[in-house]
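Everything below concerns the one structure shown next.
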2 protein chains.
Amino acid sequence: MSELNLLVGQSGGPTAAINATLAGVIGEAIACSKIGRVYGAVNGIKGVISDNIIDLSDVFSNTDNLRILSQTPSSYLGSCRYRLSENSDDIKKIISVMKKHNIGYFLYIGGNDSMDTVLKLSDACGQEGINVIGVPKTIDNDLMNTDHCPGFGSAAKYIASTVAEISRDAKCYSIESVTIVEIMGRNAGWLTAASALARLNGDTSPELIYLPEIPFDTKIFLDDVKQKVIEKQNIVIAISEGIKDANGKYVSDQSEIFKEDLFGHVQLGGAGKILENLIKNKYGIKVRSVELNTPQRCASHLGSLTDIRESTDIGAAAVNAAVCGNSGKMMIYKRRPGSQYSVSYDYTDISNAANSEKKVPREYINESGNDVTQSFFEYVYPLIQGQPEIIFKHGLPKHIMR
Amino acid sequence: MSELNLLVGQSGGPTAAINATLAGVIGEAIACSKIGRVYGAVNGIKGVISDNIIDLSDVFSNTDNLRILSQTPSSYLGSCRYRLSENSDDIKKIISVMKKHNIGYFLYIGGNDSMDTVLKLSDACGQEGINVIGVPKTIDNDLMNTDHCPGFGSAAKYIASTVAEISRDAKCYSIESVTIVEIMGRNAGWLTAASALARLNGDTSPELIYLPEIPFDTKIFLDDVKQKVIEKQNIVIAISEGIKDANGKYVSDQSEIFKEDLFGHVQLGGAGKILENLIKNKYGIKVRSVELNTPQRCASHLGSLTDIRESTDIGAAAVNAAVCGNSGKMMIYKRRPGSQYSVSYDYTDISNAANSEKKVPREYINESGNDVTQSFFEYVYPLIQGQPEIIFKHGLPKHIMR
């Protein structure tokens, strides 16, 4: 019988590190004597269903290409948002395509929804002798049972560096001003919490931090702002896009409620824009809001070396886990005890990981609910350390495309 | 008589390179035997008026500090937006403070408004034997009589790199989609035009580019979008925040006009948000808008080495121009002829530079008004080349603060 081949796919929202994981998978699979060809599914599981499969072995036998892949943001193979239905023909089609290409190992790199796909596939694939392993990625850092998620460290580093730069910018005039930075995270505040790292640059910004984990109270917020402006004149506030009130209603959905405060203008912006207008109308001072937006998940030019290395290594570890006969698992990071930061690579049953969300625990948030604690700082600090050496061409970071 | 001292100030909106110019001024002034102490005016001309002057000679005799200054965004000395009135007591106060500190040379780093300050000061200072020189800075690249402006190259590099990253992100799903990137520039489209450099990365994005120099026509825009989406499926569009219609009315001010198109919602966002909703409502496809916002002018972690070096050197050249007896001048770049890019440093009468705006010339824009030409590409390409080696501390680019 010929050697079994490996198939890899990417799914969900892009990150700056998801291609580093792909590079880790491809590099290890090419080197592994038990694996034949390395194939990629274009646009995730949809590419498997429609037999849109490409050969990766040749392109990435060139290690320069592997290295450029690691610094290319977003999903080289393309992505999808597709929820497998167990009762549909999808799973039959997937098995048939995999058998056609003689796939023995299927690795799926993605977030929460992608782990649901791994969960649904693992039984059917298991019966056909195909080992299925999920490899996590999400800037949101909200997957259970892993110390942190591949992609989070780079996003955290970009956010902290950018908040530090915005703080330099915001504080150049000697007038009272508030700058609101709106950071990704609908339900989990990990990325917004990471903005606290901007203080490593010697500054006190962000002066206030609000996460979705703590019910947002407009009155307390306005009091916090007033006090900090009196104290510091220029302040920077970090908020999660997903901050919500005590009833669980997103601030970004409340433009109707704030209508009077906003002088009758209905505003369809995000939470940052709404709070910008709220402060302006209440205190009449200079307020600006900055939504960090898409660059948070694709600014690979400012990645964390720790994150990129770990993201690569967890991809390689996933190949070995599959070849050693494991299936229905999600790869995880375990932080080793001790003062010197390091992780080991392990796996957990996919059922432990899929369809649940890890929020920022209460002990990482200060008592007033407007800042993080020292223990969060100690958790997040190692994850942004080190800078990958970026290869530039024509003055721009070099990318590789299909 | 004791040696004459040098006073330097910064003014107007921050850039990623304005501190490189300050470093060039300070380094050259410290080395110059004809100059005594080097002083800085806190918050620009307002700091001169109120005698808020600090000594820079000691801190920056440490060349490590000078180097960190070069990579720190925004204005180290603080900035102001203050229009000098010739009839007020301002000029008298300024002269008196300068005489108190035995200032022989006053260098003012800033944009259009700051050059107006230099113009207004140069006569009065000249009578007191104080040489006044303006040093340009503006990401907008809109100052006359200089090939380009210090700070523009770094902003252009950040924008091109970020648009390339956003394009990777935008194209990962196999569905029709439009991503609008809103770029700074109220009246001049230089920065938006520079987004074309993203194509150096091997991609076709941005597929469409709209500048304030060409009247914006909604109907033509919607047709352009339709055609490109049919052709490419996923497209990225770069627009200037300042695009305006044939009557000169900003698109960002037209939410009332577009009210019907926007299903009755009055939208207070920028031009990007308005066009996002326009396309959504017309074609019902996935549209996202990303405002690049403040990072365009403060992302010094991704500066252009060419820009940072030139910005430093033009500061040093300004010191020499002042010491050599020049006054009432603005420093300029002259591009040397020939295929190998280089500039020389010169100056022009301040009256040639102040209070006018350089727009993108018609020959840099394609006939349809929705892209740039090859000759613009040749103009802008050299300005983003090279990467400064950034010093990191604790995982973040290191900054220096007063």
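Simple scheme: letters A, B, ... for chains in structure tokens order, numbers from 1 for residues in each chain, numbers from 1 for ligands in the order shown.
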
Within 6 Å of segment 291-293 of chain A, counting only C-alpha atoms, which residues show up once you throw out same-chain ones fewer than 3 positions away? Write them as a VMD selection string, please.
chain A and resid 181 to 183

Output file for the residues above (N, CA, C and O atoms, as a PDB file, in the first residue's frame):
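Now in out_17.pdb:
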```pdb
ATOM      1  N   VAL A 181      -9.680  53.953  22.461  1.00  0.00           N
ATOM      2  CA  VAL A 181      -9.213  52.952  21.497  1.00  0.00           C
ATOM      3  C   VAL A 181     -10.132  51.738  21.594  1.00  0.00           C
ATOM      4  O   VAL A 181     -10.243  51.124  22.655  1.00  0.00           O
ATOM      5  N   GLU A 182     -10.824  51.436  20.497  1.00  0.00           N
ATOM      6  CA  GLU A 182     -11.758  50.300  20.485  1.00  0.00           C
ATOM      7  C   GLU A 182     -11.041  49.071  19.938  1.00  0.00           C
ATOM      8  O   GLU A 182     -10.499  49.087  18.837  1.00  0.00           O
ATOM      9  N   ILE A 183     -11.061  48.011  20.733  1.00  0.00           N
ATOM     10  CA  ILE A 183     -10.253  46.820  20.454  1.00  0.00           C
ATOM     11  C   ILE A 183     -11.173  45.617  20.247  1.00  0.00           C
ATOM     12  O   ILE A 183     -12.248  45.519  20.848  1.00  0.00           O
TER      13      ILE A 183
END
```

At a cut-off of 8 Å, using only C-alpha atoms, what residues contact Leu56 of chain A? Leave out same-chain residues fewer than 4 positions from it and give the result as a PyMOL selection string.
chain A and resi 26+37-40+60

Would you mind exporting the chosen residues as a tab-separated table (two decimals), in the first residue's frame, restricted to C-alpha atoms?
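See again23.tsv below for the written result:
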```tsv
chain	number	residue	atom	x	y	z
A	26	ILE	CA	3.93	21.55	6.07
A	37	ARG	CA	2.29	14.07	-0.17
A	38	VAL	CA	1.15	17.16	1.69
A	39	TYR	CA	-2.14	18.57	0.41
A	40	GLY	CA	-4.03	21.73	1.24
A	60	PHE	CA	7.22	24.38	0.18
```

So which residues touch segment 304-313 of chain B within 9 Å, counting only C-alpha atoms, skipping near sequence neighbours fewer than 5 positions away, as number ranges by chain?
A: 395; B: 16-25, 70-71, 137, 149-158, 318, 333, 343, 345, 382-389

Looking only at strand (DSSP E) from DSSP on the backbone, list the matching residues of segment 190-292 of chain B as a VMD selection string.
chain B and resid 208 to 210 234 to 240 286 to 291

Would you mind listing what lies within 10 Å of Thr373 of chain B as a ChimeraX atom specification, with only C-alpha atoms counted and same-chain residues fewer than 4 positions away left out?
/B:193,196,362-367,377-378

I need the helix (DSSP H, G or I) residues of segment 336-401 of chain B per DSSP on the backbone, written as number ranges by chain.
B: 350-353, 362-364, 374-384

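Atom CA of Pro136 of chain A sits 5.2 Å away from atom CA of Gly110 of chain A.
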
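From atom CA of Val225 of chain B back to atom CA of Ala198 of chain B, the distance works out to 19.0 Å.
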
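The neighbours of Ile94 of chain A here are the residues that come within 10 Å of it, using only C-alpha atoms and leaving out any residue fewer than 2 positions away in the same chain; they are A:Ile45, A:Lys46, A:Gly47, A:Val48, A:Ile49, A:Ser50, A:Asp51, A:Asp89, A:Asp90, A:Ile91, A:Lys92, A:Ser96, A:Val97, A:Met98, A:Lys99, A:Lys100, A:Leu121, A:Ala124, A:Cys125.
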
For those residues, write N, CA and C atoms to a file as a CSV table (one decimal), in the first residue's frame.
```csv
chain,number,residue,atom,x,y,z
A,45,ILE,N,-13.0,23.5,5.0
A,45,ILE,CA,-13.8,22.3,4.8
A,45,ILE,C,-14.6,22.3,3.6
A,46,LYS,N,-15.0,23.5,3.1
A,46,LYS,CA,-15.7,23.7,1.9
A,46,LYS,C,-14.8,23.2,0.7
A,47,GLY,N,-13.5,23.4,0.8
A,47,GLY,CA,-12.6,22.9,-0.3
A,47,GLY,C,-12.5,21.4,-0.2
A,48,VAL,N,-12.7,20.8,0.9
A,48,VAL,CA,-12.7,19.3,1.0
A,48,VAL,C,-13.9,18.8,0.3
A,49,ILE,N,-15.1,19.4,0.7
A,49,ILE,CA,-16.4,18.9,0.2
A,49,ILE,C,-16.4,19.0,-1.3
A,50,SER,N,-15.8,20.1,-1.9
A,50,SER,CA,-15.8,20.3,-3.3
A,50,SER,C,-14.6,19.8,-4.0
A,51,ASP,N,-13.8,19.0,-3.3
A,51,ASP,CA,-12.5,18.5,-3.9
A,51,ASP,C,-11.6,19.6,-4.5
A,89,ASP,N,-25.1,15.4,3.6
A,89,ASP,CA,-24.2,14.6,2.8
A,89,ASP,C,-22.8,15.0,3.0
A,90,ASP,N,-22.6,16.1,3.7
A,90,ASP,CA,-21.2,16.7,3.8
A,90,ASP,C,-20.2,15.7,4.2
A,91,ILE,N,-20.5,15.0,5.3
A,91,ILE,CA,-19.5,14.1,5.8
A,91,ILE,C,-19.2,12.9,4.9
A,92,LYS,N,-20.2,12.4,4.2
A,92,LYS,CA,-20.0,11.4,3.2
A,92,LYS,C,-19.0,11.9,2.1
A,96,SER,N,-15.3,10.6,1.1
A,96,SER,CA,-15.0,10.2,-0.3
A,96,SER,C,-13.8,10.9,-0.9
A,97,VAL,N,-13.8,12.3,-0.7
A,97,VAL,CA,-12.6,13.0,-1.2
A,97,VAL,C,-11.3,12.6,-0.5
A,98,MET,N,-11.4,12.4,0.8
A,98,MET,CA,-10.2,12.0,1.5
A,98,MET,C,-9.7,10.7,1.0
A,99,LYS,N,-10.6,9.7,0.7
A,99,LYS,CA,-10.1,8.4,0.3
A,99,LYS,C,-9.5,8.5,-1.1
A,100,LYS,N,-10.2,9.4,-1.9
A,100,LYS,CA,-9.6,9.6,-3.3
A,100,LYS,C,-8.2,10.0,-3.3
A,121,LEU,N,-16.3,15.5,12.6
A,121,LEU,CA,-15.6,14.6,11.7
A,121,LEU,C,-14.9,13.4,12.3
A,124,ALA,N,-16.5,9.7,12.1
A,124,ALA,CA,-16.6,9.2,10.8
A,124,ALA,C,-15.2,8.9,10.2
A,125,CYS,N,-14.3,9.8,10.4
A,125,CYS,CA,-13.0,9.7,9.9
A,125,CYS,C,-12.3,8.5,10.6
```

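Comparing the minimum interatomic distances between Gly27 of chain A and each of A:Val8, A:Ala316, A:Ala271, A:Ile54, counting only C-alpha atoms, we find that A:Ala316 sits nearest.
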